[in-house]
>>> print(open('upload29.tsv').read())   # TSV, C-alpha atoms and all ligand atoms
chain	number	residue	atom	x	y	z
I	1	MET	CA	-15.80	23.51	-1.27
I	2	THR	CA	-16.81	20.25	-3.00
I	3	ARG	CA	-18.75	17.79	-0.86
I	4	PRO	CA	-17.24	14.29	-0.65
I	5	ARG	CA	-19.16	11.90	-2.89
I	6	SER	CA	-21.61	9.61	-1.11
I	7	LEU	CA	-24.10	7.07	-2.45
I	8	PRO	CA	-27.17	5.31	-1.07
I	9	LEU	CA	-26.12	2.23	0.93
I	10	ALA	CA	-27.30	-0.23	-1.73
I	11	ASP	CA	-25.16	1.55	-4.34
I	12	THR	CA	-22.16	1.71	-2.00
I	13	LEU	CA	-22.37	-2.05	-1.49
I	14	ASP	CA	-22.82	-2.71	-5.19
I	15	HIS	CA	-19.90	-0.44	-6.06
I	16	GLN	CA	-17.69	-2.39	-3.64
I	17	ARG	CA	-19.02	-5.74	-4.87
I	18	ARG	CA	-18.05	-4.91	-8.44
I	19	ALA	CA	-14.63	-3.65	-7.32
I	20	CYS	CA	-13.98	-6.88	-5.38
I	21	ALA	CA	-15.11	-9.04	-8.31
I	22	ARG	CA	-12.82	-7.11	-10.66
I	23	ALA	CA	-9.88	-7.33	-8.29
I	24	GLY	CA	-10.24	-11.10	-7.95
I	25	SER	CA	-12.03	-11.65	-4.61
I	26	SER	CA	-15.03	-13.81	-5.46
I	27	LEU	CA	-15.51	-14.42	-1.72
I	28	TYR	CA	-16.06	-10.73	-0.96
I	29	ALA	CA	-18.14	-10.27	-4.14
I	30	GLU	CA	-20.50	-13.04	-2.98
I	31	LEU	CA	-20.61	-11.69	0.57
I	32	LEU	CA	-21.35	-8.15	-0.60
I	33	ALA	CA	-24.26	-9.40	-2.71
I	34	GLY	CA	-25.57	-11.20	0.40
I	35	ILE	CA	-25.05	-8.13	2.60
I	36	ALA	CA	-26.95	-5.96	0.09
I	37	ALA	CA	-29.88	-8.42	0.08
I	38	ASP	CA	-29.88	-8.47	3.89
I	39	VAL	CA	-29.88	-4.66	4.03
I	40	GLU	CA	-32.78	-4.59	1.57
I	41	ALA	CA	-34.68	-7.05	3.80
I	42	GLY	CA	-33.98	-4.97	6.94
I	43	GLY	CA	-31.76	-7.68	8.48
I	44	VAL	CA	-28.80	-7.38	10.85
I	45	CYS	CA	-26.57	-5.69	8.25
I	46	ALA	CA	-29.16	-2.92	7.90
I	47	LYS	CA	-28.93	-2.38	11.66
I	48	VAL	CA	-25.12	-2.23	11.62
I	49	LEU	CA	-24.62	-0.24	8.42
I	50	GLY	CA	-27.83	1.82	8.32
I	51	PRO	CA	-26.66	4.45	10.84
I	52	ARG	CA	-23.56	5.00	8.69
I	53	ALA	CA	-25.34	5.20	5.32
I	54	GLY	CA	-24.45	8.45	3.60
I	55	GLU	CA	-20.78	8.36	4.62
I	56	PRO	CA	-18.46	9.47	1.82
I	57	LEU	CA	-17.64	6.68	-0.62
I	58	ALA	CA	-13.94	7.20	0.12
I	59	SER	CA	-14.45	6.10	3.74
I	60	ALA	CA	-14.85	2.54	2.41
I	61	LEU	CA	-17.64	1.54	4.82
I	62	ALA	CA	-18.12	-1.88	3.21
I	63	LEU	CA	-14.42	-2.75	3.50
I	64	ARG	CA	-14.33	-1.55	7.11
I	65	PHE	CA	-17.27	-3.82	7.88
I	66	LEU	CA	-15.72	-6.80	6.11
I	67	GLY	CA	-12.37	-6.07	7.78
I	68	ALA	CA	-13.98	-5.98	11.24
I	69	VAL	CA	-15.57	-9.38	10.61
I	70	HIS	CA	-12.36	-10.79	9.12
I	71	ARG	CA	-10.50	-9.78	12.25
I	72	LEU	CA	-12.90	-11.80	14.41
I	73	VAL	CA	-12.38	-14.77	12.09
I	74	LEU	CA	-8.61	-14.44	12.45
I	75	GLU	CA	-8.96	-14.15	16.23
I	76	GLY	CA	-10.74	-17.50	16.25
I	77	ARG	CA	-14.04	-16.02	17.42
I	78	ALA	CA	-16.13	-17.08	14.41
I	79	PRO	CA	-15.38	-20.75	13.66
I	80	ALA	CA	-18.39	-21.35	11.38
I	81	LEU	CA	-17.38	-18.47	9.14
I	82	ALA	CA	-13.69	-19.40	9.37
I	83	ALA	CA	-14.57	-22.65	7.60
I	84	HIS	CA	-15.23	-20.49	4.48
I	85	TYR	CA	-12.22	-18.17	4.78
I	86	PRO	CA	-8.99	-19.36	3.10
I	87	SER	CA	-7.05	-16.93	5.36
I	88	ALA	CA	-8.16	-19.12	8.29
I	89	GLY	CA	-7.57	-22.40	6.46
I	90	GLY	CA	-11.16	-22.71	5.18
I	91	ARG	CA	-12.77	-22.98	1.75
I	92	PRO	CA	-15.78	-20.98	0.56
I	93	GLY	CA	-18.78	-23.30	0.39
I	94	PRO	CA	-22.57	-23.36	0.49
I	95	GLY	CA	-23.88	-21.43	3.46
I	96	LEU	CA	-21.19	-18.72	3.24
I	97	VAL	CA	-23.66	-15.82	3.36
I	98	ALA	CA	-25.83	-17.47	6.03
I	99	ASP	CA	-22.78	-18.11	8.23
I	100	PHE	CA	-21.63	-14.53	7.70
I	101	LEU	CA	-25.00	-13.10	8.73
I	102	ALA	CA	-25.17	-15.38	11.77
I	103	THR	CA	-21.67	-14.21	12.80
I	104	VAL	CA	-22.69	-10.56	12.45
I	105	ALA	CA	-25.79	-11.18	14.56
I	106	GLU	CA	-23.79	-12.99	17.24
I	107	LEU	CA	-20.81	-10.63	17.40
I	108	ARG	CA	-22.49	-7.35	16.49
I	109	PRO	CA	-21.11	-5.27	19.44
I	110	ALA	CA	-17.52	-6.33	18.67
I	111	ILE	CA	-18.01	-5.50	14.98
I	112	GLU	CA	-19.54	-2.11	15.72
I	113	ASP	CA	-16.63	-1.30	18.07
I	114	ARG	CA	-14.21	-1.74	15.16
I	115	LEU	CA	-16.29	-0.12	12.47
I	116	ASP	CA	-14.84	3.35	12.92
I	117	GLU	CA	-11.33	2.06	12.29
I	118	GLY	CA	-10.15	3.21	8.84
I	119	VAL	CA	-8.95	0.69	6.26
I	120	GLN	CA	-5.17	0.53	6.39
I	121	THR	CA	-2.90	-1.83	4.53
I	122	ASN	CA	0.78	-2.14	3.75
I	123	GLU	CA	1.16	-3.75	0.36
I	124	VAL	CA	4.50	-5.55	0.17
I	125	GLY	CA	4.08	-6.21	-3.58
I	126	ARG	CA	4.80	-2.53	-4.15
I	127	SER	CA	8.44	-3.20	-3.26
I	128	ALA	CA	8.68	-4.95	-6.62
I	129	VAL	CA	7.72	-1.65	-8.26
I	130	LEU	CA	10.11	0.51	-6.24
I	131	ALA	CA	13.16	-1.79	-6.20
I	132	PRO	CA	14.25	-1.17	-9.83
I	133	GLY	CA	13.81	2.57	-9.21
I	134	TYR	CA	16.06	2.40	-6.14
I	135	ALA	CA	18.59	0.36	-8.15
I	136	LEU	CA	18.56	3.01	-10.87
I	137	VAL	CA	19.22	5.77	-8.32
I	138	ALA	CA	22.08	3.76	-6.79
I	139	ARG	CA	23.70	3.17	-10.20
I	140	ARG	CA	23.21	6.72	-11.41
I	141	SER	CA	24.60	8.30	-8.24
I	142	GLY	CA	27.21	5.66	-7.37
I	143	LEU	CA	26.24	6.33	-3.74
I	144	PRO	CA	24.54	4.46	-0.88
I	145	LEU	CA	20.88	5.33	-0.45
I	146	ARG	CA	19.20	7.35	2.28
I	147	VAL	CA	15.62	6.13	1.98
I	148	LEU	CA	12.80	8.33	3.33
I	149	GLU	CA	9.36	6.79	2.86
I	150	LEU	CA	6.22	8.91	3.25
I	151	GLY	CA	2.93	7.28	4.26
I	152	ALA	CA	4.92	4.14	5.08
I	153	SER	CA	2.10	2.50	7.11
I	154	ALA	CA	3.92	-0.33	8.96
I	155	GLY	CA	7.21	0.33	7.14
I	156	LEU	CA	7.26	-3.05	5.40
I	157	ASN	CA	8.39	-1.50	2.11
I	158	LEU	CA	11.21	0.30	3.93
I	159	ARG	CA	12.86	-3.13	4.15
I	160	TRP	CA	12.69	-3.55	0.38
I	161	ASP	CA	16.42	-4.33	0.07
I	162	ARG	CA	15.95	-7.32	2.42
I	163	TYR	CA	13.60	-8.99	-0.07
I	164	TRP	CA	14.68	-11.01	-3.11
I	165	TYR	CA	14.13	-9.82	-6.69
I	166	ASP	CA	15.04	-11.81	-9.79
I	167	THR	CA	14.07	-10.73	-13.30
I	168	GLY	CA	15.74	-13.79	-14.87
I	169	GLU	CA	18.55	-11.49	-16.09
I	170	THR	CA	19.55	-9.51	-13.00
I	171	CYS	CA	18.81	-9.86	-9.31
I	172	LEU	CA	18.90	-7.83	-6.14
I	173	GLY	CA	18.44	-8.24	-2.40
I	174	ASP	CA	18.71	-11.12	0.02
I	175	PRO	CA	18.67	-14.49	-1.78
I	176	ASP	CA	17.48	-16.18	1.42
I	177	SER	CA	14.64	-13.75	2.04
I	178	PRO	CA	11.18	-15.23	2.58
I	179	VAL	CA	9.77	-12.32	0.51
I	180	ARG	CA	10.48	-13.22	-3.11
I	181	PHE	CA	9.71	-11.58	-6.42
I	182	GLU	CA	10.68	-13.77	-9.34
I	183	GLY	CA	9.60	-12.84	-12.87
I	184	ALA	CA	7.37	-10.05	-11.59
I	185	TRP	CA	8.30	-7.64	-14.42
I	186	GLN	CA	7.11	-7.54	-18.02
I	187	PRO	CA	8.94	-5.38	-20.57
I	188	VAL	CA	6.75	-2.93	-22.47
I	189	GLY	CA	6.99	-2.47	-26.24
I	190	GLY	CA	9.85	-4.89	-26.80
I	191	GLY	CA	12.05	-2.93	-24.36
I	192	PRO	CA	14.40	-4.43	-21.76
I	193	LEU	CA	13.57	-5.82	-18.35
I	194	PRO	CA	14.58	-3.54	-15.47
I	195	ASP	CA	18.24	-3.65	-14.53
I	196	LEU	CA	18.54	-4.67	-10.89
I	197	GLY	CA	22.34	-4.69	-11.08
I	198	GLY	CA	24.16	-3.04	-8.22
I	199	PRO	CA	25.83	-2.22	-6.08
I	200	VAL	CA	22.81	-1.14	-4.08
I	201	GLU	CA	23.36	-0.25	-0.45
I	202	VAL	CA	20.88	1.29	1.99
I	203	ALA	CA	22.77	3.57	4.39
I	204	GLU	CA	19.69	4.81	6.22
I	205	ARG	CA	15.98	4.01	6.22
I	206	ALA	CA	13.24	6.02	7.90
I	207	GLY	CA	9.58	6.67	7.32
I	208	CYS	CA	6.56	8.54	8.53
I	209	ASP	CA	2.87	7.88	8.59
I	210	ARG	CA	0.03	9.80	10.17
I	211	ASN	CA	-1.05	6.49	11.70
I	212	PRO	CA	1.91	4.08	11.86
I	213	ILE	CA	1.18	0.41	12.49
I	214	ASP	CA	3.56	-1.46	14.78
I	215	VAL	CA	4.05	-4.95	13.37
I	216	GLY	CA	6.02	-5.80	16.50
I	217	THR	CA	2.63	-6.23	18.17
I	218	GLU	CA	-0.03	-8.88	17.52
I	219	ASP	CA	-2.60	-6.08	17.31
I	220	GLY	CA	-0.65	-4.37	14.51
I	221	ARG	CA	-0.19	-7.61	12.57
I	222	LEU	CA	-3.88	-8.49	12.95
I	223	ARG	CA	-4.88	-5.06	11.74
I	224	LEU	CA	-2.91	-5.49	8.51
I	225	ARG	CA	-4.10	-9.06	7.98
I	226	SER	CA	-7.72	-8.18	8.58
I	227	PHE	CA	-7.84	-5.63	5.76
I	228	LEU	CA	-6.49	-8.08	3.19
I	229	TRP	CA	-9.16	-10.03	1.39
I	230	PRO	CA	-9.43	-13.53	2.86
I	231	ASP	CA	-9.24	-15.39	-0.47
I	232	GLN	CA	-6.15	-13.50	-1.69
I	233	VAL	CA	-3.77	-15.96	-0.11
I	234	ASP	CA	-0.71	-14.87	-2.11
I	235	ARG	CA	-0.91	-11.38	-0.67
I	236	LEU	CA	-1.44	-12.80	2.81
I	237	ALA	CA	1.56	-15.11	2.48
I	238	ARG	CA	3.74	-12.21	1.34
I	239	LEU	CA	2.55	-10.15	4.31
I	240	GLU	CA	3.45	-12.93	6.74
I	241	ALA	CA	6.89	-13.26	5.12
I	242	ALA	CA	7.41	-9.50	5.46
I	243	PHE	CA	6.49	-9.70	9.16
I	244	ALA	CA	9.33	-12.20	9.58
I	245	VAL	CA	11.79	-9.81	7.92
I	246	ALA	CA	10.48	-6.87	9.97
I	247	ALA	CA	11.19	-8.81	13.17
I	248	ARG	CA	14.92	-8.69	12.40
I	249	VAL	CA	15.36	-5.48	10.37
I	250	PRO	CA	14.48	-2.28	12.23
I	251	ALA	CA	12.84	0.52	10.23
I	252	PRO	CA	11.48	3.45	12.27
I	253	VAL	CA	8.17	4.95	11.16
I	254	ASP	CA	7.42	8.24	12.90
I	255	ALA	CA	3.86	9.35	13.57
I	256	ALA	CA	3.83	12.54	11.51
I	257	ASP	CA	2.21	14.31	8.63
I	258	LEU	CA	4.36	13.80	5.58
I	259	GLY	CA	4.72	17.48	4.56
I	260	ALA	CA	6.26	18.57	7.85
I	261	TRP	CA	8.28	15.37	8.22
I	262	ALA	CA	9.83	15.62	4.75
I	263	GLU	CA	10.54	19.32	5.22
I	264	ALA	CA	12.61	18.57	8.35
I	265	ARG	CA	14.50	15.69	6.70
I	266	LEU	CA	15.27	17.68	3.56
I	267	ALA	CA	16.30	20.89	5.32
I	268	GLU	CA	20.04	20.26	4.82
I	269	PRO	CA	21.81	18.42	1.99
I	270	VAL	CA	23.43	15.15	3.11
I	271	GLU	CA	26.77	14.45	1.41
I	272	GLY	CA	27.87	10.97	0.43
I	273	VAL	CA	24.38	9.48	0.04
I	274	ALA	CA	21.59	9.72	-2.50
I	275	THR	CA	18.48	10.86	-0.62
I	276	VAL	CA	15.41	9.11	-2.00
I	277	VAL	CA	11.96	10.38	-1.00
I	278	ALA	CA	9.57	7.55	-1.82
I	279	HIS	CA	5.84	6.91	-1.51
I	280	THR	CA	3.30	4.42	-2.83
I	281	ILE	CA	-0.48	4.97	-3.07
I	282	VAL	CA	-0.51	7.82	-0.60
I	283	TRP	CA	-1.10	11.00	-2.60
I	284	GLN	CA	-4.90	10.74	-2.76
I	285	TYR	CA	-5.11	10.84	1.05
I	286	VAL	CA	-2.90	13.93	1.50
I	287	ASP	CA	-4.47	17.35	1.90
I	288	GLY	CA	-3.48	20.36	-0.20
I	289	PRO	CA	-1.29	22.16	2.38
I	290	SER	CA	0.72	19.01	3.09
I	291	ARG	CA	1.21	18.33	-0.65
I	292	ASP	CA	2.38	21.92	-1.14
I	293	ARG	CA	4.78	21.62	1.78
I	294	LEU	CA	6.31	18.46	0.35
I	295	ARG	CA	6.64	19.93	-3.14
I	296	ALA	CA	8.26	23.10	-1.75
I	297	ALA	CA	10.66	21.06	0.41
I	298	LEU	CA	11.65	18.94	-2.60
I	299	ARG	CA	12.10	22.02	-4.78
I	300	ARG	CA	14.39	23.67	-2.21
I	301	ALA	CA	16.33	20.44	-1.65
I	302	GLY	CA	16.61	20.06	-5.43
I	303	GLU	CA	18.13	23.52	-5.77
I	304	ARG	CA	20.86	22.57	-3.28
I	305	ALA	CA	21.45	19.06	-4.63
I	306	THR	CA	24.89	18.21	-6.03
I	307	PRO	CA	26.35	15.04	-7.58
I	308	ASP	CA	27.69	14.21	-4.08
I	309	ALA	CA	24.33	14.91	-2.43
I	310	PRO	CA	21.67	14.12	-5.03
I	311	VAL	CA	17.96	13.98	-4.27
I	312	ALA	CA	15.44	11.65	-5.93
I	313	TRP	CA	11.65	11.56	-5.67
I	314	LEU	CA	10.43	8.06	-6.43
I	315	ARG	CA	6.71	7.46	-6.27
I	316	PHE	CA	4.12	4.94	-7.37
I	317	GLU	CA	0.72	6.57	-7.53
I	318	PRO	CA	-2.56	6.10	-9.42
I	319	ALA	CA	-2.60	6.78	-13.15
I	320	GLY	CA	-5.97	5.40	-14.23
I	321	ALA	CA	-6.42	1.64	-14.39
I	322	VAL	CA	-2.83	1.13	-13.22
I	323	GLY	CA	-0.35	3.11	-11.15
I	324	ASP	CA	2.80	4.67	-12.55
I	325	LEU	CA	6.30	4.79	-11.13
I	326	ARG	CA	7.94	8.18	-11.52
I	327	LEU	CA	11.40	9.38	-10.73
I	328	THR	CA	12.45	13.00	-10.45
I	329	TRP	CA	16.15	13.59	-10.10
I	330	TRP	CA	18.15	16.53	-8.80
I	331	PRO	CA	20.45	18.19	-9.68
I	332	GLY	CA	18.47	18.99	-12.79
I	333	GLY	CA	14.89	18.12	-11.84
I	334	THR	CA	14.28	15.79	-14.79
I	335	GLU	CA	11.28	13.52	-14.48
I	336	GLN	CA	10.79	10.08	-15.99
I	337	VAL	CA	7.95	7.59	-15.92
I	338	LEU	CA	9.80	4.33	-15.43
I	339	ALA	CA	6.97	1.81	-15.34
I	340	THR	CA	3.32	1.14	-14.72
I	341	ALA	CA	2.03	-1.59	-12.44
I	342	GLU	CA	-1.09	-3.10	-10.97
I	343	TYR	CA	-2.14	-1.36	-7.77
I	344	HIS	CA	-0.95	-4.17	-5.53
I	345	GLY	CA	2.40	-3.96	-7.29
I	346	VAL	CA	2.70	-7.13	-9.34
I	347	PRO	CA	2.99	-7.44	-12.30
I	348	VAL	CA	5.14	-4.44	-13.11
I	349	TYR	CA	5.09	-3.26	-16.75
I	350	TRP	CA	8.59	-1.95	-17.16
I	351	GLY	CA	9.75	0.63	-19.65
I	352	HIS	CA	6.88	3.03	-20.07
I	353	ALA	CA	9.61	5.59	-20.81
I	354	ARG	CA	8.63	9.20	-20.96
I	355	SER	CA	11.43	11.56	-19.97
I	356	ALA	CA	11.53	15.16	-18.84
I	357	VAL	CA	7.77	15.57	-18.76
I	358	GLY	CA	8.04	18.92	-17.02
I	359	THR	CA	6.68	19.90	-13.65
I	360	ALA	CA	6.97	17.10	-11.17
I	361	SER	CA	3.63	15.78	-9.98
I	362	PRO	CA	2.93	12.38	-8.49
U	401	LIG	C1	-3.16	3.22	1.03
U	401	LIG	S1	-2.07	3.35	2.37
U	401	LIG	C2	-0.54	2.92	1.58
U	401	LIG	C3	0.47	2.48	2.58
U	401	LIG	C4	1.80	2.10	1.97
U	401	LIG	N1	2.43	3.24	1.35
U	401	LIG	C5	1.65	0.98	0.97
U	401	LIG	O1	1.77	1.23	-0.23
U	401	LIG	O2	1.39	-0.14	1.39
U	401	LIG	C6	-1.91	5.11	2.60
U	401	LIG	C7	-1.07	5.47	3.82
U	401	LIG	O3	-0.82	6.86	3.81
U	401	LIG	C8	-0.91	7.35	5.14
U	401	LIG	N2	-1.16	8.79	5.04
U	401	LIG	C9	-2.20	9.40	4.44
U	401	LIG	N3	-2.07	10.74	4.50
U	401	LIG	C10	-0.92	10.99	5.16
U	401	LIG	C11	-0.24	12.18	5.53
U	401	LIG	N4	-0.73	13.39	5.25
U	401	LIG	N5	0.93	12.07	6.19
U	401	LIG	C12	1.43	10.85	6.50
U	401	LIG	N6	0.83	9.69	6.16
U	401	LIG	C13	-0.33	9.75	5.50
U	401	LIG	C14	-2.05	6.52	5.74
U	401	LIG	O4	-2.03	6.54	7.15
U	401	LIG	C15	-1.76	5.15	5.13
U	401	LIG	O5	-0.88	4.40	5.95
>>> encode(input="upload29.tsv", output="structure tokens", more="lines below")
Ligand SMILES: C[S@@+](CC[C@H](N)C(=O)[O-])C[C@H]1O[C@@H](n2cnc3c(N)ncnc32)[C@H](O)[C@@H]1O
Amino acid sequence: MTRPRSLPLADTLDHQRRACARAGSSLYAELLAGIAADVEAGGVCAKVLGPRAGEPLASALALRFLGAVHRLVLEGRAPALAAHYPSAGGRPGPGLVADFLATVAELRPAIEDRLDEGVQTNEVGRSAVLAPGYALVARRSGLPLRVLELGASAGLNLRWDRYWYDTGETCLGDPDSPVRFEGAWQPVGGGPLPDLGGPVEVAERAGCDRNPIDVGTEDGRLRLRSFLWPDQVDRLARLEAAFAVAARVPAPVDAADLGAWAEARLAEPVEGVATVVAHTIVWQYVDGPSRDRLRAALRRAGERATPDAPVAWLRFEPAGAVGDLRLTWWPGGTEQVLATAEYHGVPVYWGHARSAVGTASP
């Protein structure tokens, strides 16, 4: 068995600092440099993080720490630090690192209480990646959609049809929606923009997650906000808009492992709808047995699929520096790469066409 990769604490912090700088959070990049210096000097961050040094890199210790502090900022418990956090109406200024360290020293027990909580987000921008795929399934089948999302987190992307999408040529969704994607797609290689033309109707929506977040509660909303980066205000605004949609559009997310959940939902063909099994940035967290169970369930469902009860597997998962959007379609089992996109969803590079690439894999 391979051991999960871990690094010395200084390297873990530096790894995360570079990732944050690359992904456009100068606030977190500056804070992580300050945290690393404080750890080196044996300050309060060494006391909080030291006992957890040696955790696997994938457990994202630095982001859990920053998320725990961000939550206190959002709860109004750290006003000096809030003055630097755009998510709380502030602006990063001189004294950012000093105010951060003072907050950690003052609120250390509350931070440590939250530190074991895993990073969990629900990235609404990924709806802009999935929506053209759903539209394609609706056009190809001529049927309403039965949407089954795996690893749906809070289920915000299960409401994708209640958001507004406009490529400049075609549009889809609710024109009055507070969640809006306008010009989010770039054609690749001189190809066309995605066709969002309909009709697109969602007959059923349901999801599962091993740890669903209930955005009907303030705790659930705070949890999602706290793991966004405080200076990425566009993502935060989109999240708030999605909360408003979620308050009026129900979308159940069951607490379940995705392999077993999908197996139960795919056990019988459903006539008169196109069943779409969808997931975004989930595969890396799923263990081997659960992956095998999902693949087997899809294969069996694919064998029974008919033009009146088709099955599609639509997923956006890592493919190097970007993610790719793949669609496998039954009857037939053909697989296409429809697009690539940035990990948070936008922009989407449409038209990375590669058809029938053989065995379906995310
Ligand atoms: C990075 S998040 C992505 C959430 C959401 N799909 C999105 O794109 O915003 C990964 C999600 O997968 C869920 N997850 C991981 N493994 C799972 C499994 N075996 N079964 C169900 N959910 C799982 C996690 O709880 C988490 O909510």
>>> residues_near_point(input="upload29.tsv", point="(-25.6, 5.2, 6.1)", cutoff="9 Å", atoms="all atoms listed in the file", output="list in words")
Leu7, Pro8, Leu9, Leu49, Gly50, Pro51, Arg52, Ala53, Gly54, Glu55 and Leu61 of chain I
>>> residues_near_ligand(input="upload29.tsv", ligand="ligand LIG 401 (chain U)", cutoff="10 Å", atoms="all atoms listed in the file", output="PyMOL selection string")
chain I and resi 118-127+149-158+207-213+224+254-262+278-291+294+315-317+343-345
>>> residues_near_point(input="upload29.tsv", point="(-17.9, -3.3, 6.4)", cutoff="10 Å", atoms="all atoms listed in the file", output="list in words")
Leu13, Leu32, Ile35, Cys45, Val48, Leu49, Ala60, Leu61, Ala62, Leu63, Arg64, Phe65, Leu66, Gly67, Ala68, Val69, His70, Ile111, Glu112, Arg114, Leu115, Asp116 and Val119 of chain I
>>> closest_residue(input="upload29.tsv", among="I:Ala23, I:Leu236, I:Val129, I:Ala10", to="Gly42 in chain I", atoms="all atoms listed in the file")
I:Ala10
>>> atom_distance(input="upload29.tsv", atom1="CA of Thr275 in chain I", atom2="CA of Pro310 in chain I")
6.3 Å
>>> atom_distance(input="upload29.tsv", atom1="CA of Tyr28 in chain I", atom2="CA of Arg91 in chain I")
13.0 Å
>>> atom_distance(input="upload29.tsv", atom1="CA of Ala135 in chain I", atom2="CA of Leu196 in chain I")
5.7 Å
>>> closest_residue(input="upload29.tsv", among="I:Ala203, I:Val322, I:Ala341, I:Ala301", to="Gly272 in chain I", atoms="all atoms listed in the file")
I:Ala203
>>> closest_residue(input="upload29.tsv", among="I:Leu130, I:Leu72, I:Ala296, I:Ala251", to="Pro109 in chain I", atoms="only C-alpha atoms")
I:Leu72
>>> residues_around(input="upload29.tsv", residues="Thr170 in chain I", least_positions_apart="4", cutoff="8 Å", atoms="all atoms listed in the file", output="number ranges by chain")
I: 166, 195-197
>>> closest_residue(input="upload29.tsv", among="I:Asp231, I:Asp214, I:Glu106, I:Glu303", to="Leu27 in chain I", atoms="only C-alpha atoms")
I:Asp231
>>> closest_residue(input="upload29.tsv", among="I:Leu193, I:Ala128, I:Gly133, I:Ala37", to="Leu101 in chain I", atoms="all atoms listed in the file")
I:Ala37
>>> build_atoms(input="upload29.tsv", residues="range 21-37 of chain I", atoms="N, CA and C atoms", output="PDB file, in the frame of the given file")
ATOM      1  N   ALA I  21     -15.052  -8.036  -7.244  1.00  0.00           N
ATOM      2  CA  ALA I  21     -15.110  -9.040  -8.310  1.00  0.00           C
ATOM      3  C   ALA I  21     -14.017  -8.769  -9.340  1.00  0.00           C
ATOM      4  N   ARG I  22     -13.852  -7.489  -9.677  1.00  0.00           N
ATOM      5  CA  ARG I  22     -12.820  -7.110 -10.660  1.00  0.00           C
ATOM      6  C   ARG I  22     -11.436  -7.411 -10.140  1.00  0.00           C
ATOM      7  N   ALA I  23     -11.222  -7.168  -8.856  1.00  0.00           N
ATOM      8  CA  ALA I  23      -9.880  -7.330  -8.290  1.00  0.00           C
ATOM      9  C   ALA I  23      -9.615  -8.774  -7.848  1.00  0.00           C
ATOM     10  N   GLY I  24     -10.542  -9.687  -8.151  1.00  0.00           N
ATOM     11  CA  GLY I  24     -10.240 -11.100  -7.950  1.00  0.00           C
ATOM     12  C   GLY I  24     -10.623 -11.665  -6.593  1.00  0.00           C
ATOM     13  N   SER I  25     -11.566 -11.023  -5.857  1.00  0.00           N
ATOM     14  CA  SER I  25     -12.030 -11.650  -4.610  1.00  0.00           C
ATOM     15  C   SER I  25     -13.477 -12.093  -4.794  1.00  0.00           C
ATOM     16  N   SER I  26     -13.658 -13.323  -5.260  1.00  0.00           N
ATOM     17  CA  SER I  26     -15.030 -13.810  -5.460  1.00  0.00           C
ATOM     18  C   SER I  26     -15.713 -13.994  -4.104  1.00  0.00           C
ATOM     19  N   LEU I  27     -14.931 -14.256  -3.063  1.00  0.00           N
ATOM     20  CA  LEU I  27     -15.510 -14.420  -1.720  1.00  0.00           C
ATOM     21  C   LEU I  27     -16.197 -13.116  -1.273  1.00  0.00           C
ATOM     22  N   TYR I  28     -15.475 -12.003  -1.376  1.00  0.00           N
ATOM     23  CA  TYR I  28     -16.060 -10.730  -0.960  1.00  0.00           C
ATOM     24  C   TYR I  28     -17.182 -10.312  -1.920  1.00  0.00           C
ATOM     25  N   ALA I  29     -17.059 -10.630  -3.209  1.00  0.00           N
ATOM     26  CA  ALA I  29     -18.140 -10.270  -4.140  1.00  0.00           C
ATOM     27  C   ALA I  29     -19.424 -10.997  -3.727  1.00  0.00           C
ATOM     28  N   GLU I  30     -19.302 -12.275  -3.387  1.00  0.00           N
ATOM     29  CA  GLU I  30     -20.500 -13.040  -2.980  1.00  0.00           C
ATOM     30  C   GLU I  30     -21.049 -12.499  -1.647  1.00  0.00           C
ATOM     31  N   LEU I  31     -20.149 -12.210  -0.720  1.00  0.00           N
ATOM     32  CA  LEU I  31     -20.610 -11.690   0.570  1.00  0.00           C
ATOM     33  C   LEU I  31     -21.306 -10.339   0.414  1.00  0.00           C
ATOM     34  N   LEU I  32     -20.753  -9.480  -0.444  1.00  0.00           N
ATOM     35  CA  LEU I  32     -21.350  -8.150  -0.600  1.00  0.00           C
ATOM     36  C   LEU I  32     -22.727  -8.238  -1.242  1.00  0.00           C
ATOM     37  N   ALA I  33     -22.914  -9.201  -2.140  1.00  0.00           N
ATOM     38  CA  ALA I  33     -24.260  -9.400  -2.710  1.00  0.00           C
ATOM     39  C   ALA I  33     -25.213  -9.843  -1.592  1.00  0.00           C
ATOM     40  N   GLY I  34     -24.745 -10.723  -0.719  1.00  0.00           N
ATOM     41  CA  GLY I  34     -25.570 -11.200   0.400  1.00  0.00           C
ATOM     42  C   GLY I  34     -25.859 -10.096   1.405  1.00  0.00           C
ATOM     43  N   ILE I  35     -24.866  -9.254   1.664  1.00  0.00           N
ATOM     44  CA  ILE I  35     -25.050  -8.130   2.600  1.00  0.00           C
ATOM     45  C   ILE I  35     -26.088  -7.166   2.037  1.00  0.00           C
ATOM     46  N   ALA I  36     -25.996  -6.895   0.723  1.00  0.00           N
ATOM     47  CA  ALA I  36     -26.950  -5.960   0.090  1.00  0.00           C
ATOM     48  C   ALA I  36     -28.375  -6.509   0.210  1.00  0.00           C
ATOM     49  N   ALA I  37     -28.544  -7.823  -0.014  1.00  0.00           N
ATOM     50  CA  ALA I  37     -29.880  -8.420   0.080  1.00  0.00           C
ATOM     51  C   ALA I  37     -30.392  -8.335   1.529  1.00  0.00           C
TER      52      ALA I  37
END
